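Peer 1: Coordinates in structure26.tsv, TSV, C-alpha atoms and all ligand atoms, are listed below.
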```
chain	number	residue	atom	x	y	z
A	1	MET	CA	32.05	151.31	63.02
A	2	LEU	CA	28.66	150.84	64.68
A	3	LEU	CA	28.30	152.21	68.21
A	4	GLN	CA	25.71	151.86	70.89
A	5	LEU	CA	25.67	155.03	72.99
A	6	ARG	CA	24.80	155.43	76.64
A	7	LYS	CA	21.26	156.59	77.31
A	8	ASN	CA	20.48	160.20	78.21
A	9	LEU	CA	23.86	161.58	77.15
A	10	SER	CA	24.58	165.23	77.82
A	11	GLU	CA	25.44	167.38	74.86
A	12	ALA	CA	28.99	167.76	76.16
A	13	ASP	CA	29.47	163.97	76.31
A	14	PHE	CA	28.17	163.56	72.78
A	15	ARG	CA	30.41	166.42	71.62
A	16	SER	CA	33.52	164.81	73.07
A	17	LEU	CA	32.74	161.62	71.12
A	18	ALA	CA	32.13	163.63	67.96
A	19	ASP	CA	35.42	165.52	68.49
A	20	LEU	CA	37.37	162.30	68.97
A	21	ALA	CA	35.73	160.71	65.93
A	22	ARG	CA	36.59	163.75	63.81
A	23	GLU	CA	40.16	163.79	65.11
A	24	LEU	CA	40.51	160.15	63.99
A	25	GLY	CA	39.04	160.98	60.58
A	26	TYR	CA	35.47	159.71	60.96
A	27	ARG	CA	32.11	161.21	60.09
A	28	VAL	CA	29.38	160.62	62.69
A	29	VAL	CA	26.16	159.42	61.07
A	30	ALA	CA	22.96	159.26	63.12
A	31	LEU	CA	20.66	156.36	62.28
A	32	ASP	CA	17.07	157.48	61.64
A	33	GLY	CA	14.72	156.57	64.44
A	34	VAL	CA	17.36	154.76	66.55
A	35	PRO	CA	18.56	157.36	69.06
A	36	ASP	CA	21.18	155.21	70.80
A	37	LEU	CA	23.00	153.98	67.69
A	38	VAL	CA	25.49	155.88	65.55
A	39	ARG	CA	27.68	154.85	62.67
A	40	LEU	CA	31.18	156.19	62.22
A	41	GLU	CA	32.20	156.38	58.59
A	42	GLY	CA	35.89	156.73	57.94
A	43	PRO	CA	39.28	155.15	57.47
A	44	GLY	CA	39.45	152.34	60.07
A	45	ALA	CA	42.70	151.53	61.85
A	46	PRO	CA	43.53	148.87	64.47
A	47	GLU	CA	43.97	151.40	67.26
A	48	HIS	CA	40.65	153.19	66.67
A	49	ARG	CA	38.29	150.70	68.26
A	50	SER	CA	39.88	150.94	71.73
A	51	ARG	CA	40.15	154.74	71.48
A	52	ILE	CA	36.43	155.02	70.70
A	53	GLU	CA	35.49	152.36	73.27
A	54	ASP	CA	37.27	154.34	76.00
A	55	CYS	CA	35.03	157.34	75.30
A	56	TYR	CA	32.40	157.88	78.03
A	57	ALA	CA	29.57	158.31	75.54
A	58	VAL	CA	30.05	154.83	74.09
A	59	ALA	CA	28.25	151.93	75.78
A	60	ARG	CA	29.49	149.32	73.31
A	61	VAL	CA	31.15	148.94	69.95
A	62	LEU	CA	28.66	146.72	68.14
A	63	ASP	CA	30.75	146.31	65.01
A	64	ALA	CA	34.31	147.55	64.55
A	65	GLY	CA	33.97	147.44	60.76
A	66	ALA	CA	37.27	148.34	59.11
A	67	ALA	CA	38.66	149.50	62.48
A	68	ARG	CA	39.48	145.93	63.35
A	69	GLU	CA	42.40	145.03	65.54
A	70	LEU	CA	45.34	143.20	64.00
A	71	PHE	CA	44.28	139.86	65.49
A	72	GLN	CA	40.86	139.98	63.88
A	73	ARG	CA	40.03	137.92	60.82
A	74	ALA	CA	38.81	140.14	58.02
A	75	PRO	CA	35.78	138.69	56.22
A	76	GLY	CA	36.97	135.77	54.08
A	77	ALA	CA	40.63	136.27	55.04
A	78	PRO	CA	42.88	133.20	55.18
A	79	ASP	CA	44.72	131.88	58.24
A	80	THR	CA	48.09	133.24	59.22
A	81	VAL	CA	50.51	130.33	58.99
A	82	VAL	CA	53.26	130.25	61.62
A	83	THR	CA	56.32	128.16	60.82
A	84	VAL	CA	58.80	127.12	63.51
A	85	GLY	CA	61.53	124.77	62.31
A	86	GLU	CA	59.65	121.84	60.78
A	87	ALA	CA	56.40	122.72	62.54
A	88	ARG	CA	53.62	124.61	60.78
A	89	PHE	CA	50.45	125.90	62.38
A	90	GLY	CA	47.39	127.15	60.50
A	91	GLY	CA	46.26	127.14	56.89
A	92	GLY	CA	45.35	123.45	57.13
A	93	ALA	CA	48.64	122.44	58.77
A	94	VAL	CA	48.53	120.76	62.18
A	95	SER	CA	51.68	120.22	64.27
A	96	LEU	CA	52.49	118.55	67.56
A	97	ILE	CA	54.66	119.97	70.33
A	98	ALA	CA	55.91	117.54	72.95
A	99	GLY	CA	58.43	117.37	75.74
A	100	PRO	CA	58.85	117.53	79.48
A	101	CYS	CA	57.24	120.14	81.70
A	102	ALA	CA	60.64	121.37	82.85
A	103	ILE	CA	64.16	120.85	81.55
A	104	GLU	CA	66.03	118.84	84.16
A	105	THR	CA	68.99	116.80	82.88
A	106	TYR	CA	70.67	116.73	79.47
A	107	ASP	CA	70.32	112.96	79.14
A	108	ALA	CA	66.60	112.90	79.92
A	109	THR	CA	65.87	115.85	77.64
A	110	LEU	CA	67.84	114.33	74.76
A	111	ALA	CA	66.15	110.96	75.17
A	112	ILE	CA	62.68	112.52	75.21
A	113	ALA	CA	63.47	114.77	72.23
A	114	ARG	CA	64.68	111.83	70.14
A	115	GLU	CA	61.65	109.73	71.05
A	116	VAL	CA	59.00	112.37	70.42
A	117	ARG	CA	60.61	113.41	67.15
A	118	ALA	CA	60.75	109.80	65.96
A	119	ARG	CA	57.06	109.47	66.84
A	120	GLY	CA	55.88	112.66	65.10
A	121	ALA	CA	56.55	115.80	67.14
A	122	THR	CA	57.98	118.72	65.17
A	123	LEU	CA	58.69	121.00	68.12
A	124	LEU	CA	60.26	120.28	71.51
A	125	ARG	CA	58.79	121.95	74.59
A	126	GLY	CA	60.37	122.31	78.01
A	127	GLY	CA	60.60	125.08	80.56
A	128	ALA	CA	63.95	126.37	81.79
A	129	TYR	CA	62.26	129.27	83.60
A	130	LYS	CA	59.20	127.83	85.31
A	131	PRO	CA	56.26	129.86	86.58
A	132	ARG	CA	55.20	128.05	89.75
A	133	THR	CA	52.32	128.76	92.07
A	134	SER	CA	54.55	128.53	95.15
A	135	PRO	CA	57.90	130.30	95.47
A	136	TYR	CA	59.15	127.17	97.28
A	137	SER	CA	58.46	124.80	94.35
A	138	PHE	CA	61.18	124.00	91.80
A	139	GLN	CA	61.59	127.18	89.76
A	140	GLY	CA	63.33	125.61	86.78
A	141	SER	CA	66.97	125.06	85.97
A	142	ARG	CA	67.13	128.49	84.28
A	143	ARG	CA	70.44	129.21	82.46
A	144	ALA	CA	71.54	125.60	82.81
A	145	GLY	CA	68.21	124.51	81.33
A	146	LEU	CA	68.64	126.86	78.37
A	147	GLU	CA	72.08	125.44	77.76
A	148	ILE	CA	70.66	121.89	77.77
A	149	LEU	CA	67.93	122.92	75.34
A	150	GLY	CA	70.51	124.46	73.02
A	151	ARG	CA	72.56	121.27	72.99
A	152	VAL	CA	69.53	119.03	72.44
A	153	ARG	CA	68.32	121.30	69.65
A	154	ALA	CA	71.70	120.99	67.91
A	155	GLU	CA	71.83	117.25	68.48
A	156	THR	CA	68.32	116.38	67.26
A	157	GLY	CA	67.43	119.15	64.82
A	158	LEU	CA	64.16	119.70	66.71
A	159	ALA	CA	63.14	123.33	67.06
A	160	VAL	CA	62.49	124.44	70.63
A	161	VAL	CA	59.76	126.38	72.41
A	162	THR	CA	60.48	127.56	75.93
A	163	GLU	CA	59.11	130.15	78.29
A	164	ALA	CA	60.38	133.66	78.98
A	165	LEU	CA	59.02	134.80	82.33
A	166	ASP	CA	60.41	138.30	82.35
A	167	PRO	CA	61.39	140.85	79.69
A	168	ARG	CA	64.93	140.71	81.11
A	169	ASP	CA	65.14	137.00	80.15
A	170	VAL	CA	64.07	137.47	76.54
A	171	GLU	CA	67.56	137.95	75.17
A	172	ALA	CA	68.99	134.82	76.83
A	173	VAL	CA	65.92	132.71	75.97
A	174	GLY	CA	66.06	134.00	72.39
A	175	GLU	CA	69.59	132.65	71.97
A	176	VAL	CA	68.20	129.12	72.22
A	177	ALA	CA	64.47	129.23	71.54
A	178	ASP	CA	62.94	129.05	68.08
A	179	MET	CA	59.67	130.16	69.67
A	180	PHE	CA	59.02	132.09	72.87
A	181	GLN	CA	56.35	130.76	75.22
A	182	VAL	CA	54.28	133.11	77.35
A	183	GLY	CA	52.66	131.16	80.16
A	184	SER	CA	49.14	131.42	81.45
A	185	ARG	CA	50.23	133.37	84.53
A	186	ASN	CA	51.98	135.90	82.30
A	187	MET	CA	49.35	136.41	79.62
A	188	ALA	CA	48.70	139.94	80.84
A	189	ASN	CA	52.36	140.84	81.47
A	190	GLN	CA	52.39	143.77	79.10
A	191	PRO	CA	56.09	144.67	79.36
A	192	LEU	CA	56.89	141.05	78.40
A	193	LEU	CA	54.40	141.08	75.52
A	194	ALA	CA	55.77	144.41	74.30
A	195	GLU	CA	59.33	143.05	74.40
A	196	LEU	CA	58.23	139.99	72.40
A	197	GLY	CA	56.56	142.34	69.93
A	198	ARG	CA	60.04	143.68	69.21
A	199	GLN	CA	61.40	140.18	68.48
A	200	ARG	CA	61.21	138.53	65.10
A	201	LYS	CA	60.61	135.00	66.34
A	202	PRO	CA	57.25	133.27	66.82
A	203	VAL	CA	55.44	133.54	70.14
A	204	LEU	CA	53.26	130.87	71.75
A	205	LEU	CA	50.80	132.79	73.89
A	206	LYS	CA	48.88	130.77	76.47
A	207	ARG	CA	45.47	131.92	77.65
A	208	GLY	CA	45.30	133.22	81.21
A	209	PHE	CA	43.29	130.75	83.29
A	210	ALA	CA	40.69	133.41	84.04
A	211	ALA	CA	40.97	135.50	80.89
A	212	THR	CA	38.08	136.25	78.59
A	213	LEU	CA	38.71	135.60	74.92
A	214	ARG	CA	38.82	139.31	74.19
A	215	GLU	CA	41.46	139.77	76.91
A	216	PHE	CA	43.38	136.87	75.38
A	217	LEU	CA	43.22	138.39	71.90
A	218	LEU	CA	44.21	141.83	73.17
A	219	ALA	CA	47.26	140.24	74.83
A	220	ALA	CA	48.15	138.90	71.37
A	221	GLU	CA	47.55	142.39	70.00
A	222	PHE	CA	50.39	143.72	72.19
A	223	VAL	CA	52.78	141.42	70.32
A	224	LEU	CA	51.26	142.10	66.90
A	225	ALA	CA	51.22	145.86	67.48
A	226	GLY	CA	54.98	145.71	68.05
A	227	GLY	CA	55.40	144.33	64.54
A	228	ASN	CA	55.80	140.65	65.39
A	229	THR	CA	53.13	138.93	63.30
A	230	GLN	CA	54.00	135.36	64.33
A	231	VAL	CA	51.69	134.54	67.23
A	232	VAL	CA	50.14	131.15	68.00
A	233	LEU	CA	47.36	131.11	70.62
A	234	CYS	CA	47.14	128.25	73.10
A	235	GLU	CA	44.00	127.26	74.99
A	236	ARG	CA	45.25	125.46	78.13
A	237	GLY	CA	42.14	125.27	80.26
A	238	ILE	CA	40.36	127.83	82.36
A	239	ARG	CA	39.54	127.64	86.04
A	240	GLY	CA	36.32	125.83	86.84
A	241	PHE	CA	34.60	124.87	90.08
A	242	ASP	CA	35.23	121.14	89.93
A	243	PRO	CA	38.57	119.76	91.18
A	244	SER	CA	38.13	116.50	89.19
A	245	THR	CA	40.25	118.08	86.46
A	246	ARG	CA	42.95	120.70	86.98
A	247	ASN	CA	41.24	123.15	84.60
A	248	VAL	CA	38.44	123.09	82.05
A	249	LEU	CA	39.61	122.79	78.45
A	250	ASP	CA	37.50	125.38	76.66
A	251	VAL	CA	36.88	123.73	73.30
A	252	GLY	CA	34.17	126.27	72.56
A	253	ALA	CA	36.89	128.89	72.76
A	254	VAL	CA	38.92	127.02	70.13
A	255	ALA	CA	36.00	126.99	67.69
A	256	TRP	CA	35.20	130.65	68.43
A	257	LEU	CA	38.83	131.76	68.10
A	258	LYS	CA	39.20	130.00	64.74
A	259	ARG	CA	36.33	132.12	63.40
A	260	THR	CA	37.35	135.37	65.07
A	261	THR	CA	41.08	135.50	64.45
A	262	HIS	CA	43.37	134.55	61.59
A	263	LEU	CA	46.04	133.48	64.11
A	264	PRO	CA	46.68	129.76	64.63
A	265	VAL	CA	45.17	128.18	67.73
A	266	ILE	CA	46.46	125.11	69.54
A	267	VAL	CA	45.43	123.26	72.69
A	268	ASP	CA	47.41	122.09	75.69
A	269	PRO	CA	45.46	119.15	77.12
A	270	SER	CA	48.14	118.49	79.78
A	271	HIS	CA	47.59	121.62	81.86
A	272	ALA	CA	43.86	121.42	81.19
A	273	ALA	CA	43.45	117.86	82.45
A	274	GLY	CA	46.18	117.76	85.08
A	275	ARG	CA	46.19	113.97	84.80
A	276	ALA	CA	47.77	111.82	82.15
A	277	ASP	CA	44.85	109.46	81.56
A	278	LEU	CA	42.61	112.29	80.30
A	279	VAL	CA	45.19	113.97	78.06
A	280	PRO	CA	44.57	111.91	74.88
A	281	ALA	CA	40.80	112.55	74.99
A	282	LEU	CA	41.25	116.29	75.51
A	283	GLY	CA	43.88	116.49	72.77
A	284	ARG	CA	41.45	114.83	70.37
A	285	ALA	CA	38.64	117.16	71.48
A	286	GLY	CA	40.79	120.21	70.78
A	287	LEU	CA	41.65	118.98	67.29
A	288	ALA	CA	38.02	118.13	66.58
A	289	ALA	CA	37.10	121.71	67.54
A	290	GLY	CA	39.54	123.00	64.92
A	291	ALA	CA	42.85	123.41	66.75
A	292	ASP	CA	45.94	123.75	64.54
A	293	GLY	CA	48.04	121.70	66.91
A	294	VAL	CA	48.49	120.12	70.31
A	295	MET	CA	51.15	120.74	72.91
A	296	CYS	CA	51.51	118.04	75.50
A	297	GLU	CA	53.84	117.03	78.27
A	298	VAL	CA	55.55	113.71	77.63
A	299	HIS	CA	57.87	111.88	80.00
A	300	PRO	CA	58.86	108.21	80.03
A	301	GLU	CA	59.58	108.34	83.78
A	302	PRO	CA	57.00	110.73	85.26
A	303	GLY	CA	57.97	109.66	88.77
A	304	GLU	CA	61.40	111.21	88.29
A	305	THR	CA	60.24	114.74	87.41
A	306	HIS	CA	60.15	117.79	89.66
A	307	SER	CA	57.01	119.25	88.12
A	308	ASP	CA	53.76	118.04	86.59
A	309	GLY	CA	54.70	114.34	86.56
A	310	SER	CA	51.08	113.31	87.04
A	311	GLN	CA	49.98	114.88	83.79
A	312	ALA	CA	52.84	113.67	81.57
A	313	ILE	CA	51.85	110.97	79.11
A	314	GLY	CA	54.18	108.13	78.20
A	315	LEU	CA	55.71	107.48	74.80
A	316	GLU	CA	53.14	104.88	73.73
A	317	ASP	CA	50.28	107.25	74.49
A	318	PHE	CA	52.07	109.97	72.57
A	319	SER	CA	52.33	107.69	69.54
A	320	LYS	CA	48.57	107.04	69.76
A	321	LEU	CA	47.92	110.77	69.95
A	322	VAL	CA	50.01	111.28	66.80
A	323	ALA	CA	47.94	108.69	64.94
A	324	ASP	CA	44.70	110.23	66.20
A	325	ALA	CA	45.87	113.73	65.24
A	326	ARG	CA	46.68	112.53	61.72
A	327	ALA	CA	43.24	110.98	61.37
A	328	LEU	CA	41.38	113.95	62.86
A	329	ALA	CA	43.27	116.44	60.70
A	330	ALA	CA	42.48	114.38	57.58
A	331	LEU	CA	38.77	114.33	58.51
A	332	ASP	CA	38.49	117.99	57.63
A	333	GLY	CA	41.04	118.12	54.87
A	334	ARG	CA	44.01	119.17	56.97
A	335	THR	CA	47.47	117.64	57.28
A	336	LEU	CA	49.52	116.61	60.28
A	337	VAL	CA	53.03	117.92	59.65
A	338	ALA	CA	55.61	115.15	60.11
A	339	PRO	CA	59.31	115.61	60.88
A	340	THR	CA	61.21	115.08	57.65
A	341	ARG	CA	64.68	116.53	57.99
A	342	PRO	CA	67.30	114.00	59.03
A	343	ALA	CA	68.61	114.62	62.53
A	344	PRO	CA	72.01	116.38	62.24
A	345	HIS	CA	73.99	113.56	63.86
A	346	THR	CA	72.76	111.05	61.27
A	347	VAL	CA	73.80	113.21	58.29
A	401	LIG	C1	53.85	125.21	80.67
A	401	LIG	O1	53.34	124.97	79.58
A	401	LIG	O2	55.02	124.89	80.93
A	401	LIG	C2	53.08	125.90	81.73
A	401	LIG	C3	53.67	126.33	82.82
A	401	LIG	O3	51.78	126.01	81.45
A	401	LIG	P1	50.75	127.17	81.87
A	401	LIG	O4	51.47	128.48	81.70
A	401	LIG	O5	49.63	126.98	80.90
A	401	LIG	O6	50.34	126.90	83.28
A	402	MN	MN	53.81	121.85	83.22
```
The structure given in the file should be rewritten as structure tokens.

Peer 2:
Amino acid sequence: MLLQLRKNLSEADFRSLADLARELGYRVVALDGVPDLVRLEGPGAPEHRSRIEDCYAVARVLDAGAARELFQRAPGAPDTVVTVGEARFGGGAVSLIAGPCAIETYDATLAIAREVRARGATLLRGGAYKPRTSPYSFQGSRRAGLEILGRVRAETGLAVVTEALDPRDVEAVGEVADMFQVGSRNMANQPLLAELGRQRKPVLLKRGFAATLREFLLAAEFVLAGGNTQVVLCERGIRGFDPSTRNVLDVGAVAWLKRTTHLPVIVDPSHAAGRADLVPALGRAGLAAGADGVMCEVHPEPGETHSDGSQAIGLEDFSKLVADARALAALDGRTLVAPTRPAPHTV
């Protein structure tokens, strides 16, 4: 590990760093002629970087070396591949997640699920528990929504991703969901992340709209540190200054994350754009930047929804996005995963 130290350290401050380093099993090596840099030689473990970083004497960890966190891609290491039902993310596999913002009625959810699956989605999205900015907005159909998702899942064979807002909901959500979603507003909800770390189902972790990429990755680390290795990161737009779009899709973050972490990364152009007409372009941009998938809100009757109708694309636009995703994935030797299993009711 390579450390930059604070300037003009007292002997006591330096000693407390040296004591901590020794306790963790490291040897402190001074670098000739560079007073503010030291190298720690030793075992390297995911928890060591933060322990050393928290030490007063340390200004910055310049290189974590072998003490890399679990999210970090070791030099030359392959992608982690996360499989959810028919969907596969990472390792050259690209998958599409589609569905309504919120689960409302059984009939509408079933119709959308059938349509998006027939057109190329391998995972159905839809919130039963909805995080809303106002307590007076529709908060989701909750238990009834979960029940609808369970029935649609059984009927269509599509795996389901849906949000858990609170650690107390994880058990009920887990009875239906193939993948837990953590929303942008909950990215830093550490009790929730810790609870999901105890689960053995994949987690879709959305970036907080004002989170740095290191904060985002450390949120993933809470899940990984609990022993759940199946985390997919989702860039969904960060807050900008311009109200022309709801958020700013950070495609630079996608490219950076793909280099920095072995975890799959997807984009959500719907919450980034906030308007349906921009969703296809942002979805394509995310894939071009290296995303392993796209999650988008699809609704044939956006006027009939209680939430995010203005950003839901129609079925024809979804079909175009599927074709574009296939072409963009092929451009760099990747594959769009298509639904292949027959739907249960047709067997
Ligand atoms: C969602 O995907 O349903 C959602 C609420 O998005 P976000 O958490 O990114 O706002
Ligand atoms: Mn939404």

Peer 1: Write as a PyMOL selection string the residues around ligand MN 402 (chain A), taking 10 Å as the cut-off and counting only C-alpha atoms and all ligand atoms.

Peer 2: chain A and resi 99-102+125-127+130-132+183+268+270-271+274+296-297+306-312

Peer 1: Counting only C-alpha atoms and all ligand atoms, which residue out of A:Ala288, A:Ala188, A:Leu224, A:Leu2 sits closest to ligand LIG 401 (chain A)?

Peer 2: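 Closest to ligand LIG 401 (chain A), using only C-alpha atoms and all ligand atoms: A:Ala188.
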
Peer 1: Write out as a VMD selection string each polymer residue whose atoms come within 9 Å of stretch 13-16 of chain A, counting only C-alpha atoms; drop sequence neighbours fewer than 3 positions from it.

Peer 2: chain A and resid 5 9 to 10 19 to 21 55 to 57

Peer 1: Which of these, A:Glu86, A:Glu221, A:Asp63, A:Glu235, has the shortest distance to ligand LIG 401 (chain A) once you count all atoms listed in the file?

Peer 2: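 Ranking A:Glu86, A:Glu221, A:Asp63, A:Glu235 by distance to ligand LIG 401 (chain A), first place goes to A:Glu235.
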
Peer 1: Between A:Gly208, A:Phe216, A:Ser137, A:Thr261, which is the closest to A:Asn247 once you count all atoms listed in the file?

Peer 2: A:Gly208

Peer 1: Between A:Pro135, A:Pro280, A:Gly197, A:Gly140, which residue has the minimum interatomic distance to ligand LIG 401 (chain A), considering only C-alpha atoms and all ligand atoms?

Peer 2: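 For ligand LIG 401 (chain A), the nearest of the given residues is A:Gly140.
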
Peer 1: Measuring between only C-alpha atoms, which one of A:Ala64, A:Val248, A:Ala177, A:Leu3 shows the shortest distance to A:Gly150?

Peer 2: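 Nearest candidate to A:Gly150 out of A:Ala64, A:Val248, A:Ala177, A:Leu3: A:Ala177.
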
Peer 1: Can you work out which one of A:Glu41, A:Asp36, A:Asp250, A:Glu163 has the shortest atom-to-atom distance to ligand LIG 401 (chain A), counting all atoms listed in the file?

Peer 2: A:Glu163

Peer 1: Work out how far atom CA of A:Val38 is from atom CA of A:Asp54, in Å to one decimal.

Peer 2: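 For atom CA of A:Asp54 relative to atom CA of A:Val38, the distance reads 15.8 Å.
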
Peer 1: Could you work out an axis-aligned box for ligand LIG 401 (chain A), taking every atom the file lists and adding 6 Å on each side, and report centre and edge lengths in Å to one decimal, as JSON?

Peer 2:
```
{"center_x": 52.3, "center_y": 126.7, "center_z": 81.4, "size_x": 17.4, "size_y": 15.6, "size_z": 15.7}
```

Peer 1: Do a neighbour search on A:Ser184 at 6 Å with only C-alpha atoms, toss out local chain neighbours closer than 3 positions, and write the hits as a ChimeraX atom specification.

Peer 2: /A:187,206-208

Peer 1: Quick one: residues within 7 Å of (66.4, 119.5, 62.8) (file frame), counting all atoms listed in the file, please, as a list in words.

Peer 2: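 Every polymer residue passing the test: Thr156, Gly157, Leu158, Ala159, Arg341, Pro342, Ala343 and Pro344 of chain A.
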
Peer 1: Measure the distance from atom CA of A:Thr340 to atom CA of A:Gly293 in Å and round it to one decimal.

Peer 2: 17.4 Å

Peer 1: To one decimal place in Å, what is the distance between atom CA of A:Leu331 and atom CA of A:Gly290?

Peer 2: 10.8 Å

Peer 1: Can you pull out every residue within 7 Å of stretch 90-97 of chain A, counting all atoms listed in the file, but drop anything in the same chain fewer than 2 positions away, and send it as a PyMOL selection string?

Peer 2: chain A and resi 79-82+87-88+121-125+264+292-296+329+334-337

Peer 1: Please complete stretch 288-310 of chain A with N, CA and C atoms and give it back as a compact mmCIF listing (two decimals), in the frame of the given file.

Peer 2:
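Contents of part_5.txt, freshly written:
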```txt
# COMPACT_ATOMS: atom_id res chain seq x y z
N ALA A 288 39.35 118.22 67.19
CA ALA A 288 38.02 118.13 66.58
C ALA A 288 37.36 119.50 66.54
N ALA A 289 37.68 120.36 67.51
CA ALA A 289 37.10 121.71 67.54
C ALA A 289 37.81 122.66 66.57
N GLY A 290 38.89 122.18 65.95
CA GLY A 290 39.54 123.00 64.92
C GLY A 290 40.95 123.45 65.25
N ALA A 291 41.51 122.96 66.37
CA ALA A 291 42.85 123.41 66.75
C ALA A 291 43.89 123.05 65.68
N ASP A 292 44.87 123.93 65.54
CA ASP A 292 45.94 123.75 64.54
C ASP A 292 47.12 122.98 65.12
N GLY A 293 46.95 122.47 66.33
CA GLY A 293 48.04 121.70 66.91
C GLY A 293 47.74 121.37 68.35
N VAL A 294 48.62 120.52 68.91
CA VAL A 294 48.49 120.12 70.31
C VAL A 294 49.87 120.23 70.93
N MET A 295 49.90 120.78 72.15
CA MET A 295 51.15 120.74 72.91
C MET A 295 50.91 119.87 74.13
N CYS A 296 51.73 118.85 74.31
CA CYS A 296 51.51 118.04 75.50
C CYS A 296 52.82 117.65 76.17
N GLU A 297 52.68 117.42 77.47
CA GLU A 297 53.84 117.03 78.27
C GLU A 297 54.01 115.51 78.18
N VAL A 298 55.24 115.13 77.83
CA VAL A 298 55.55 113.71 77.63
C VAL A 298 56.77 113.40 78.49
N HIS A 299 56.71 112.29 79.21
CA HIS A 299 57.87 111.88 80.00
C HIS A 299 57.81 110.38 80.21
N PRO A 300 58.90 109.67 79.85
CA PRO A 300 58.86 108.21 80.03
C PRO A 300 58.93 107.80 81.49
N GLU A 301 59.46 108.66 82.35
CA GLU A 301 59.58 108.34 83.78
C GLU A 301 58.95 109.45 84.61
N PRO A 302 57.63 109.58 84.59
CA PRO A 302 57.00 110.73 85.26
C PRO A 302 57.33 110.81 86.75
N GLY A 303 57.64 109.67 87.34
CA GLY A 303 57.97 109.66 88.77
C GLY A 303 59.27 110.38 89.08
N GLU A 304 60.09 110.59 88.05
CA GLU A 304 61.40 111.21 88.29
C GLU A 304 61.42 112.71 88.05
N THR A 305 60.25 113.31 87.75
CA THR A 305 60.24 114.74 87.41
C THR A 305 59.96 115.59 88.64
N HIS A 306 60.40 116.85 88.57
CA HIS A 306 60.15 117.79 89.66
C HIS A 306 58.85 118.55 89.50
N SER A 307 58.26 118.49 88.30
CA SER A 307 57.01 119.25 88.12
C SER A 307 56.10 118.54 87.14
N ASP A 308 54.83 118.52 87.47
CA ASP A 308 53.76 118.04 86.59
C ASP A 308 53.91 116.59 86.12
N GLY A 309 54.56 115.75 86.93
CA GLY A 309 54.70 114.34 86.56
C GLY A 309 53.35 113.67 86.33
N SER A 310 52.36 114.04 87.12
CA SER A 310 51.08 113.31 87.04
C SER A 310 50.32 113.57 85.74
```
